[in-house]
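To start, the structure itself, in structure tokens.
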Amino acid sequence: MTTYRTIIGLEVHVQLLTKTKLFCGCSTTFGLPPNSATCPVCCGLPGTLPVMSRRAFQLALQAAVALNCSIASFTKWDRKNYYYPDLPKNYQISQYDLPFSSEGSLEIETSAGTRRIGIIRAHLEEDAGKMLHDEYAAASDSLVDLNRTGTPLLEIVSKPEIETPEEAKAYIEELRLLLRELGVSDCEMQEGSLRCDANINLHVPLRGIRFQSCDEPGAITRLESYATNAAFIATPIIEVKNLNTIRGVERALKYEAERQAKELQDNLDAGVWHIDGSRTSVFRDYQVSPITRRKSDGTLGPVSKATAGWDERTGRTEIQRRKEEASDYRYLPEPDLLPVTVDEATLQRVRAQLGELPAAQRVRLQAQYALTANDAGVLSRQGRAFVAYFEAVVKPCGDAKEACNWTLNDLLSTLNERKLDISACPLPPENLGELIREIKATGLNKQRAREVYGRMLDGLTAKEAIDKLGFKVVADEGQLLDLVRRAIAANPKAVADFKKGKVKAADAIKGFVMRETKGMAKTEVVQELLMRELQNTPG
Amino acid sequence: MTDLTATELLQKQAAGDLTAASITSAFLNRIRQYDPALRAFLHVEEAAALQHAEAIDAKRKAGQPLGKLAGLPIAVKDVLCTKGRRTTAGSKILQNFVPPYDAHVITRLKDADAILIGKTNMDEFAMGSSTENSAYQVTHNPWALDRTPGGSSGGSAAAVAASQTSLAIGTDTGGSIRQPAAFCGIVGMKPSYGRVSRFGLIAYGSSLDQIGPLAHDLRDAALLLEVIAGHDPRDSTCVNMPVPEYTKMLDQPIKPLTIGVPVEFLPSPSGSGAGGEGAGLDPEIETAIRAALNVYESLGATIKPISLPHSPYAIAVYYLVATAEASSNLARYDGVHFGQRAEKFAGLIDMVKKSRGAGFGTEVKRRIMLGTYALSSGYIDAYYLKALKVRRLIRQDFDRAFAECDVVIGPTAPTPAFKIGEKTADPLAMYLSDIYTISANLAGIPGISIPCGFTKAGLPIGLQILGAPFTEEKLLRVARMHERETDWHKRRPPLE
């Protein structure tokens with residue numbers, strides 16, 4: 001098989017961080033006893049009416065603006081009609097043809113660099129309840145928990161512009177970071193406050209396909225007869241569901257892409273699938289033909305889309321159903337709610353409140369502090385409060401690289417070990433900045449510096465900790481020269497090795513000096529003296 | 001005593017001539033006496049009503065402040081939720097539904113110290129024009145027991161006409177207050193869409209449904225509207241506009257007054273420009289309407305022939321919009337969360353099918369199917385979406401009319417009350433019964449039906465007056481100008 005293009009579009013649902021539901025006053029708290037957070041409105045009792053939560057709309061607006069979406073000045077609600085026991089009204093209040101936002105984008109960082117993924121639309125809707133199947137061994141009935149019913153959901157639909165499973169992962173991580181930073185959603189996949197469905201298929205260049213010739217006339221449109229170099233064939237789109245972790249998204253998509261490639265090859269070889277060059281459509285800047293199969297009436301028809309479930313345990317996707325026809329949701333404008341208008345003043349207010357968004361922050365960190373893209377990305381991923389901490393560390397010491405190292409390595413491990421949020425960090429950032437300044441001034445080595453850092457966590461300043469530990473850096477050249485000479489004398493083999501060109505051999509000699517000074521010799525001075533003395537030592 | 005108007009009963013209570021308990025007892029007696037023949041009530045609150053009446057009397061005795069409807073029994077269509085009291089919407093599927101809340105209108109009535117005397121019969125889910133579609137019983141017209149009281153608020157209209165109550169609440173989605181008011185010889189008003197909160201009203205066509213008063217005369221209707229109208233944050237479509245004291249200005253005539261008479265509703269006397277729909281009008285009704293117009297002319301009003309060019313499409317538009325909304329509104333009755341669940345079933349889909357199959361009546365099923373079809377992919381553009389466009393044109397017709405007229409007047413219904421069973425086999429003939437009332441719902445404007453005469457056979461005739469949105473006060477005053485000059489509203493059916 002040849003290389004193919006993976007085409008991925010993600011449909012992400014996030015629960016908004018409102019205290020109450022989208023159309024009633026019930027609590028949205030996760031994990032309450034079943035059906036305790038319900039009222040006649042969210043249970044859809046006859047005669048009840050929805051009333052929109054302004055807070056939910058405001059949060060959704062913030063998210064959409066942060067996603068660079070254009071915001072509709074007029075938006076309305078629609079009913080999506082379908083029967084399911086977790087949907088008490090048997091319709092979901094959603095947005096159909098006039099979503100409140102559309103045409104946005106999200107910038108992601110991958111190993112290949114920065115990419116901008118288009119967003120088709122983001123709209124608001126109410127969540128459904130939960131079905132509890134077989135949880136009570138004796139009962140054959142399914143139970144319904146309506147606590148989640150009516151929780152505000154923001155549905156964000158990406159364009160099919162994600163090209164690798166890694167990018168899909170990066171997209172969700174970036175989205176999660178953005179929405180958490182804005183306080184729009186806590187985006188906990190395990191709790192279902194961020195849910196993701198992925199549409200995936202492959203575009204395979206025709207010239208790369210190997211398939212058996214088929215004598216049945218018309219069964220396979222001959223490759224040579226129509227294909228151009230620009231022509232691709234598209235495998236049927238699979239909607240992968242049940243993606244409960246970010247890693248799961250990446251794994252599932254990787255598995256599904258490989259499965260589709262194999263399925264394509266097998267089905268072409270077996271003559272089950274055919275390529276229909278007469279139905280070409282244009283995708284981006286190239287032509288794509290669908291896969292067809294023979295229908296019961298003998299004609300060729302496109303293979304329908306299908307839904308697949310991801311099984312985290314087996315690491316496989318399982319095809320659940322082919323969608324022979326598109327579902328008909330019989331959308332109609334929700335007559336119980338008024339349309340919503342958004343004016344320019346509101347938008348300006350929302351924009352002003354957004355603050356610095358992660359993508360912009362990464363660019364600024366790189367420019368302002370000369371950080372690598374990777375460092376800026378890792379910092380940014382820790383959130384705004386952490387970045388603010390980092391910047392407060394840089395201020396007294398002026399060394400962004402070291403501030404970055406200390407915050408991302410030592411400080412982050414401390415926070416993780418102690419399960420602390422940056423807001424509860426025991427070490428004030430100025431103190432950490434001071435430590436970095438001390439290290440630079442005195443040449444304190446990393447090991448000793450970490451001991452100082454450890455004491456600082458108990459509330460000492462860098463100077464206090466150094467005093468307490470009795471660390472005094474030996475920087476006196478005369479004293480150190482003496483030690484270096486003794487070290488050279490004591491390590492003839494290392495000296496010989498060095499002379500033969502083994503630069504590393506100098507470390508052993510340096511180690512001697514460090515032992516003699518209990519690690520307090522100023523590294524740069526030792527290094528300089530050692531090199532000079534070695535030059536002067538006859539080989 | 002039961003023939004008195006609500007206003008008179010209030011005066012007699014204030015004067016100490018009557019007590020709430022005596023009034024309530026009298027109406028309960030009347031219900032006991034006549035309802036076996038009329039079948040206007042689905043539930044009667046014998047004990048609770050009397051108890052409530054005594055509490056009101058005690059309040060009055062203690063000199064406590066009393067509400068505007070203190071001590072007045074009122075009947076409510078069984079489509080408004082009453083807390084802790086069965087509310088069926090005339091349907092088997094809700095035969096055991098006990099709402100845990102009061103509809104907003106019920107709360108308003110209780111706050112006004114009115115006494116809920118019972119819940120009245122109706123076409124199932126308010127779908128019908130004769131009250132024959134009730135899953136429980138057929139209501140008879142007090143003026144002719146072999147005839148329908150109209151519908152869907154037939155129970156409420158019959159109850160007022162038969163003096164089983166002086167006031168009643170109905171709902172109007174396509175004429176369901178005005179047409180039964182006309183058939184029963186009383187006053188019935190559909191307020192502007194958004195004037196009265198729909199919270200707690202079991203929905204049929206949500207963008208059309210309105211709740212309104214049924215009464216013997218305009219003062220009573222104005223009083224009841226005053227109590228139930230007004231803002232309610234639980235209904236987003238309910239407007240936040242002050243409610244005028246409709247009773248205060250009621251006797252002030254509107255001067256100058258220009259009355260638009262659509263050729264589509266009433267053919268011009270010369271026969272020229274006669275609208276096709278007007279041609280189906282019963283000649284006795286036509287005569288009565290012209291007589292009413294003469295009354296207005298004698299009071300100095302200008303009668304202006306106008307056209308509502310899109311009104312011939314109103315019925316078609318209505319049966320797409322209302323049924324589309326109904327197909328969605330009624331989806332919740334599936335036997336899963338509430339609604340009567342089938343006893344035997346195999347699996348979820350079968351349970352829903354059997355529950356709905358057994359719980360809904362024929363007309364409801366017909367409208368659910370119509371609405372589902374109108375919204376289905378491949379048909380929605382030609383049906384539902386086109387209907388929405390025509391709906392806008394109908395509204396524009398009225399906007400133009402009200403730019404040059406104060407009100408629009410015509411007949412409420414094309415015929416007087418028809419016989420029970422006469423139209424049940426022919427849904428389309430039944431639908432035409434709402435031909436003059438439906439466009440007000442589509443346009444969201446207020447409309448009122450007042451008594452304006454009787455046929456030779458002794459059947460009441462209704463005059464319909466329509467106004468611009470939120471001009472209920474003007475509408476009532478215009479209607480009152482006619483009422484002052486006539487005594488049709490004083491007649492009561494000979495029930496003995």
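Simple scheme: letters A, B, ... for chains in structure tokens order, numbers from 1 for residues in each chain, numbers from 1 for ligands in the order shown.
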Contact residues (chain A, partner chain B, 10 Å, only C-alpha atoms) as number ranges by chain: A: 23-24, 39-41, 43-52, 79-91, 141-142, 144, 326-338
Helix (DSSP H, G or I) residues, from DSSP on the backbone, in segment 380-440 of chain A, as a PyMOL selection string: chain A and resi 380-381+384-397+400-417+422-424+429-440
Given the selection you just returned, output its residues as a file containing C-alpha atoms, formatted as a PDB file, in the first residue's frame.
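Written output follows (again-v8.pdb):
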```
ATOM      1  CA  SER A 380       1.700  27.984  27.895  1.00  0.00           C
ATOM      2  CA  ARG A 381       0.140  24.580  28.428  1.00  0.00           C
ATOM      3  CA  ARG A 384      -2.018  31.617  32.543  1.00  0.00           C
ATOM      4  CA  ALA A 385      -1.271  31.550  36.264  1.00  0.00           C
ATOM      5  CA  PHE A 386       1.823  29.468  35.694  1.00  0.00           C
ATOM      6  CA  VAL A 387       3.028  31.742  32.927  1.00  0.00           C
ATOM      7  CA  ALA A 388       2.535  34.708  35.217  1.00  0.00           C
ATOM      8  CA  TYR A 389       4.638  32.919  37.843  1.00  0.00           C
ATOM      9  CA  PHE A 390       7.348  32.253  35.276  1.00  0.00           C
ATOM     10  CA  GLU A 391       7.410  35.901  34.298  1.00  0.00           C
ATOM     11  CA  ALA A 392       7.708  36.925  37.941  1.00  0.00           C
ATOM     12  CA  VAL A 393      10.703  34.604  38.248  1.00  0.00           C
ATOM     13  CA  VAL A 394      12.409  36.161  35.226  1.00  0.00           C
ATOM     14  CA  LYS A 395      12.006  39.674  36.586  1.00  0.00           C
ATOM     15  CA  PRO A 396      14.622  39.600  39.401  1.00  0.00           C
ATOM     16  CA  CYS A 397      17.092  37.327  37.611  1.00  0.00           C
ATOM     17  CA  ALA A 400      14.457  33.383  31.015  1.00  0.00           C
ATOM     18  CA  LYS A 401      16.130  30.140  30.007  1.00  0.00           C
ATOM     19  CA  GLU A 402      16.994  29.279  33.612  1.00  0.00           C
ATOM     20  CA  ALA A 403      13.610  30.506  34.853  1.00  0.00           C
ATOM     21  CA  CYS A 404      12.027  28.194  32.320  1.00  0.00           C
ATOM     22  CA  ASN A 405      14.169  25.260  33.445  1.00  0.00           C
ATOM     23  CA  TRP A 406      13.498  25.802  37.117  1.00  0.00           C
ATOM     24  CA  THR A 407       9.761  26.330  36.783  1.00  0.00           C
ATOM     25  CA  LEU A 408       9.133  23.499  34.338  1.00  0.00           C
ATOM     26  CA  ASN A 409      11.390  20.969  36.069  1.00  0.00           C
ATOM     27  CA  ASP A 410      11.811  21.555  39.768  1.00  0.00           C
ATOM     28  CA  LEU A 411       8.795  23.680  40.535  1.00  0.00           C
ATOM     29  CA  LEU A 412       6.408  21.595  38.449  1.00  0.00           C
ATOM     30  CA  SER A 413       7.588  18.361  40.135  1.00  0.00           C
ATOM     31  CA  THR A 414       7.132  19.959  43.539  1.00  0.00           C
ATOM     32  CA  LEU A 415       3.594  21.014  42.640  1.00  0.00           C
ATOM     33  CA  ASN A 416       2.807  17.586  41.240  1.00  0.00           C
ATOM     34  CA  GLU A 417       4.245  15.766  44.242  1.00  0.00           C
ATOM     35  CA  ILE A 422       0.286  27.117  41.125  1.00  0.00           C
ATOM     36  CA  SER A 423      -1.910  29.528  43.078  1.00  0.00           C
ATOM     37  CA  ALA A 424      -0.971  27.613  46.266  1.00  0.00           C
ATOM     38  CA  PRO A 429       8.377  33.604  42.348  1.00  0.00           C
ATOM     39  CA  GLU A 430      10.696  36.466  43.424  1.00  0.00           C
ATOM     40  CA  ASN A 431      12.526  34.016  45.689  1.00  0.00           C
ATOM     41  CA  LEU A 432      13.060  31.557  42.866  1.00  0.00           C
ATOM     42  CA  GLY A 433      14.307  34.431  40.722  1.00  0.00           C
ATOM     43  CA  GLU A 434      16.705  35.372  43.480  1.00  0.00           C
ATOM     44  CA  LEU A 435      18.016  31.798  43.635  1.00  0.00           C
ATOM     45  CA  ILE A 436      18.770  31.892  39.918  1.00  0.00           C
ATOM     46  CA  ARG A 437      20.543  35.194  40.394  1.00  0.00           C
ATOM     47  CA  GLU A 438      22.610  33.716  43.257  1.00  0.00           C
ATOM     48  CA  ILE A 439      23.549  30.698  41.160  1.00  0.00           C
ATOM     49  CA  LYS A 440      24.763  32.955  38.413  1.00  0.00           C
TER      50      LYS A 440
END
```
Per-residue DSSP, segment 203-407 of chain B, filtered to strand (DSSP E or B), as a PyMOL selection string: chain B and resi 210-215+258-262+302-306+407
Prev. selection, all heavy atoms, output as a CSV table (one decimal), in the first residue's frame:
```
chain,number,residue,atom,x,y,z
B,210,GLN,N,-53.0,30.7,22.8
B,210,GLN,CA,-53.2,31.7,23.8
B,210,GLN,C,-54.3,31.3,24.7
B,210,GLN,O,-55.2,30.6,24.3
B,210,GLN,CB,-53.4,33.1,23.1
B,210,GLN,CG,-52.2,33.9,23.0
B,210,GLN,CD,-51.6,34.3,24.4
B,210,GLN,OE1,-52.2,35.1,25.1
B,210,GLN,NE2,-50.4,33.9,24.7
B,211,ILE,N,-54.2,31.9,25.9
B,211,ILE,CA,-55.3,31.6,26.9
B,211,ILE,C,-56.1,32.8,27.0
B,211,ILE,O,-55.6,34.0,27.0
B,211,ILE,CB,-54.6,31.3,28.3
B,211,ILE,CG1,-53.6,30.1,28.1
B,211,ILE,CG2,-55.6,31.1,29.4
B,211,ILE,CD1,-52.6,30.0,29.2
B,212,GLY,N,-57.4,32.6,27.2
B,212,GLY,CA,-58.3,33.8,27.3
B,212,GLY,C,-59.6,33.5,28.0
B,212,GLY,O,-59.9,32.4,28.4
B,213,PRO,N,-60.4,34.6,28.2
B,213,PRO,CA,-61.6,34.5,29.0
B,213,PRO,C,-62.8,34.2,28.2
B,213,PRO,O,-62.9,34.5,27.1
B,213,PRO,CB,-61.7,35.9,29.6
B,213,PRO,CG,-61.1,36.8,28.6
B,213,PRO,CD,-60.0,36.0,27.9
B,214,LEU,N,-63.8,33.5,28.9
B,214,LEU,CA,-65.1,33.3,28.4
B,214,LEU,C,-66.1,33.8,29.4
B,214,LEU,O,-65.9,33.5,30.6
B,214,LEU,CB,-65.3,31.8,28.1
B,214,LEU,CG,-64.5,31.2,26.9
B,214,LEU,CD1,-63.9,29.9,27.2
B,214,LEU,CD2,-65.4,31.1,25.7
B,215,ALA,N,-67.1,34.5,29.0
B,215,ALA,CA,-67.9,35.2,30.0
B,215,ALA,C,-69.3,35.6,29.4
B,215,ALA,O,-69.4,35.5,28.1
B,215,ALA,CB,-67.3,36.4,30.6
B,258,THR,N,-63.0,53.6,12.7
B,258,THR,CA,-63.1,53.0,11.4
B,258,THR,C,-63.0,51.5,11.4
B,258,THR,O,-62.1,51.0,12.1
B,258,THR,CB,-61.9,53.6,10.5
B,258,THR,OG1,-61.9,55.0,10.6
B,258,THR,CG2,-62.0,53.1,9.1
B,259,ILE,N,-64.0,50.9,10.9
B,259,ILE,CA,-64.1,49.5,10.9
B,259,ILE,C,-63.8,48.9,9.5
B,259,ILE,O,-64.5,49.3,8.5
B,259,ILE,CB,-65.5,49.0,11.3
B,259,ILE,CG1,-65.8,49.5,12.8
B,259,ILE,CG2,-65.7,47.5,11.2
B,259,ILE,CD1,-67.2,49.3,13.3
B,260,GLY,N,-62.8,48.0,9.5
B,260,GLY,CA,-62.5,47.4,8.2
B,260,GLY,C,-63.4,46.1,8.1
B,260,GLY,O,-63.5,45.3,9.0
B,261,VAL,N,-64.0,45.9,6.9
B,261,VAL,CA,-64.7,44.6,6.7
B,261,VAL,C,-64.1,43.9,5.5
B,261,VAL,O,-64.3,44.4,4.4
B,261,VAL,CB,-66.2,44.9,6.5
B,261,VAL,CG1,-67.0,43.6,6.2
B,261,VAL,CG2,-66.8,45.7,7.6
B,262,PRO,N,-63.4,42.9,5.8
B,262,PRO,CA,-62.7,42.2,4.6
B,262,PRO,C,-63.7,41.5,3.7
B,262,PRO,O,-64.6,40.8,4.2
B,262,PRO,CB,-61.9,41.1,5.4
B,262,PRO,CG,-62.0,41.4,6.8
B,262,PRO,CD,-63.2,42.2,7.0
B,302,THR,N,-67.2,54.6,10.7
B,302,THR,CA,-67.0,54.5,9.2
B,302,THR,C,-66.8,53.0,8.9
B,302,THR,O,-65.9,52.4,9.5
B,302,THR,CB,-65.8,55.3,8.8
B,302,THR,OG1,-65.9,56.6,9.3
B,302,THR,CG2,-65.7,55.3,7.3
B,303,ILE,N,-67.5,52.5,8.0
B,303,ILE,CA,-67.4,51.1,7.6
B,303,ILE,C,-66.5,51.1,6.3
B,303,ILE,O,-66.9,51.7,5.3
B,303,ILE,CB,-68.7,50.4,7.3
B,303,ILE,CG1,-69.6,50.6,8.5
B,303,ILE,CG2,-68.5,48.9,7.0
B,303,ILE,CD1,-69.2,49.9,9.8
B,304,LYS,N,-65.5,50.4,6.3
B,304,LYS,CA,-64.5,50.4,5.2
B,304,LYS,C,-64.3,49.0,4.6
B,304,LYS,O,-63.8,48.2,5.3
B,304,LYS,CB,-63.2,51.0,5.7
B,304,LYS,CG,-62.3,51.4,4.6
B,304,LYS,CD,-61.2,52.3,5.1
B,304,LYS,CE,-60.3,52.8,4.0
B,304,LYS,NZ,-59.4,53.8,4.4
B,305,PRO,N,-64.7,48.8,3.4
B,305,PRO,CA,-64.4,47.5,2.8
B,305,PRO,C,-62.9,47.3,2.6
B,305,PRO,O,-62.2,48.3,2.1
B,305,PRO,CB,-65.1,47.5,1.4
B,305,PRO,CG,-66.0,48.7,1.4
B,305,PRO,CD,-65.4,49.7,2.4
B,306,ILE,N,-62.3,46.3,3.1
B,306,ILE,CA,-60.9,46.0,2.9
B,306,ILE,C,-60.6,44.6,2.3
B,306,ILE,O,-61.6,43.9,2.2
B,306,ILE,CB,-60.1,46.2,4.2
B,306,ILE,CG1,-60.6,45.2,5.2
B,306,ILE,CG2,-60.2,47.6,4.8
B,306,ILE,CD1,-59.6,44.9,6.4
B,407,VAL,N,-60.3,48.5,13.8
B,407,VAL,CA,-60.6,47.1,14.0
B,407,VAL,C,-61.0,46.5,12.7
B,407,VAL,O,-61.4,47.2,11.8
B,407,VAL,CB,-61.7,46.9,15.1
B,407,VAL,CG1,-61.2,47.3,16.5
B,407,VAL,CG2,-62.9,47.6,14.8
```
Who sits within 10 Å of Gln13 of chain B, only C-alpha atoms, same chain under 5 positions skipped, as a compact mmCIF listing (two decimals) with all heavy atoms, in the first residue's frame:
```
# COMPACT_ATOMS: atom_id res chain seq x y z
N THR B 7 -69.60 40.26 37.56
CA THR B 7 -69.54 41.60 38.15
C THR B 7 -70.70 41.79 39.14
O THR B 7 -70.51 42.32 40.24
CB THR B 7 -69.62 42.66 37.03
OG1 THR B 7 -68.58 42.36 36.10
CG2 THR B 7 -69.43 44.06 37.57
N GLU B 8 -71.90 41.32 38.75
CA GLU B 8 -73.05 41.44 39.64
C GLU B 8 -72.85 40.60 40.91
O GLU B 8 -73.17 41.03 42.01
CB GLU B 8 -74.33 40.99 38.91
CG GLU B 8 -74.77 42.00 37.85
CD GLU B 8 -75.77 41.42 36.83
OE1 GLU B 8 -75.89 40.17 36.72
OE2 GLU B 8 -76.42 42.21 36.15
N LEU B 18 -74.87 38.24 49.27
CA LEU B 18 -74.49 36.86 48.94
C LEU B 18 -73.13 36.56 49.54
O LEU B 18 -72.32 37.47 49.74
CB LEU B 18 -74.41 36.67 47.42
CG LEU B 18 -75.71 36.65 46.62
CD1 LEU B 18 -75.38 36.60 45.14
CD2 LEU B 18 -76.58 35.45 47.01
N THR B 19 -72.91 35.29 49.81
CA THR B 19 -71.58 34.89 50.26
C THR B 19 -70.94 34.03 49.17
O THR B 19 -71.64 33.50 48.30
CB THR B 19 -71.65 34.04 51.55
OG1 THR B 19 -72.39 32.85 51.26
CG2 THR B 19 -72.30 34.81 52.68
N ALA B 20 -69.63 33.92 49.25
CA ALA B 20 -68.92 33.06 48.29
C ALA B 20 -69.44 31.63 48.40
O ALA B 20 -69.62 30.93 47.40
CB ALA B 20 -67.41 33.10 48.57
N SER B 22 -72.44 30.64 49.33
CA SER B 22 -73.77 30.47 48.74
C SER B 22 -73.70 30.48 47.21
O SER B 22 -74.38 29.73 46.52
CB SER B 22 -74.73 31.54 49.25
OG SER B 22 -74.30 32.83 48.82
N ILE B 23 -72.83 31.33 46.69
CA ILE B 23 -72.66 31.40 45.22
C ILE B 23 -72.10 30.06 44.71
O ILE B 23 -72.62 29.49 43.75
CB ILE B 23 -71.71 32.56 44.84
CG1 ILE B 23 -72.35 33.90 45.19
CG2 ILE B 23 -71.33 32.49 43.38
CD1 ILE B 23 -71.40 35.08 45.09
N ASP B 57 -64.94 33.77 52.43
CA ASP B 57 -65.93 34.47 53.27
C ASP B 57 -65.31 34.88 54.60
O ASP B 57 -65.56 35.99 55.08
CB ASP B 57 -67.14 33.56 53.51
CG ASP B 57 -68.04 33.46 52.27
OD1 ASP B 57 -68.03 34.42 51.46
OD2 ASP B 57 -68.73 32.44 52.10
N ARG B 60 -63.15 37.83 54.09
CA ARG B 60 -63.96 39.04 53.93
C ARG B 60 -64.45 39.52 55.30
O ARG B 60 -64.39 40.71 55.62
CB ARG B 60 -65.13 38.77 53.00
CG ARG B 60 -65.94 40.03 52.64
CD ARG B 60 -67.15 39.72 51.78
NE ARG B 60 -66.82 39.13 50.51
CZ ARG B 60 -66.51 39.82 49.41
NH1 ARG B 60 -66.47 41.14 49.46
NH2 ARG B 60 -66.23 39.21 48.29
N ALA B 70 -62.66 37.76 44.02
CA ALA B 70 -62.90 37.10 45.30
C ALA B 70 -64.25 36.41 45.36
O ALA B 70 -65.29 37.03 45.10
CB ALA B 70 -62.76 38.10 46.43
N GLY B 71 -64.21 35.14 45.67
CA GLY B 71 -65.43 34.38 45.88
C GLY B 71 -66.17 33.99 44.62
O GLY B 71 -67.28 33.50 44.68
N LEU B 72 -65.53 34.21 43.46
CA LEU B 72 -66.20 33.86 42.21
C LEU B 72 -65.73 32.49 41.72
O LEU B 72 -64.54 32.29 41.50
CB LEU B 72 -65.87 34.88 41.12
CG LEU B 72 -66.59 36.21 41.16
CD1 LEU B 72 -66.15 37.04 39.96
CD2 LEU B 72 -68.11 36.01 41.17
```
Atom CA of Arg148 of chain A to atom CA of Gln92 of chain A, straight-line distance in Å: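 Calculated distance between atom CA of Gln92 of chain A and atom CA of Arg148 of chain A is 12.9 Å.
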Å distance separating atom CA of Val44 of chain B from atom CA of Phe125 of chain B, one decimal place: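 So the two atoms, atom CA of Val44 of chain B and atom CA of Phe125 of chain B, lie 19.6 Å apart.
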Point-to-point distance from atom CA of Ile56 of chain B to atom CA of Thr165 of chain B, Å rounded to tenths: 17.3 Å
Shortest interatomic distance to Tyr246 of chain B - which of B:Ile438, B:Val390, B:Leu476, B:Cys452, counting only C-alpha atoms: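 Looking only at the distances to Tyr246 of chain B, the closest residue turns out to be B:Leu476.
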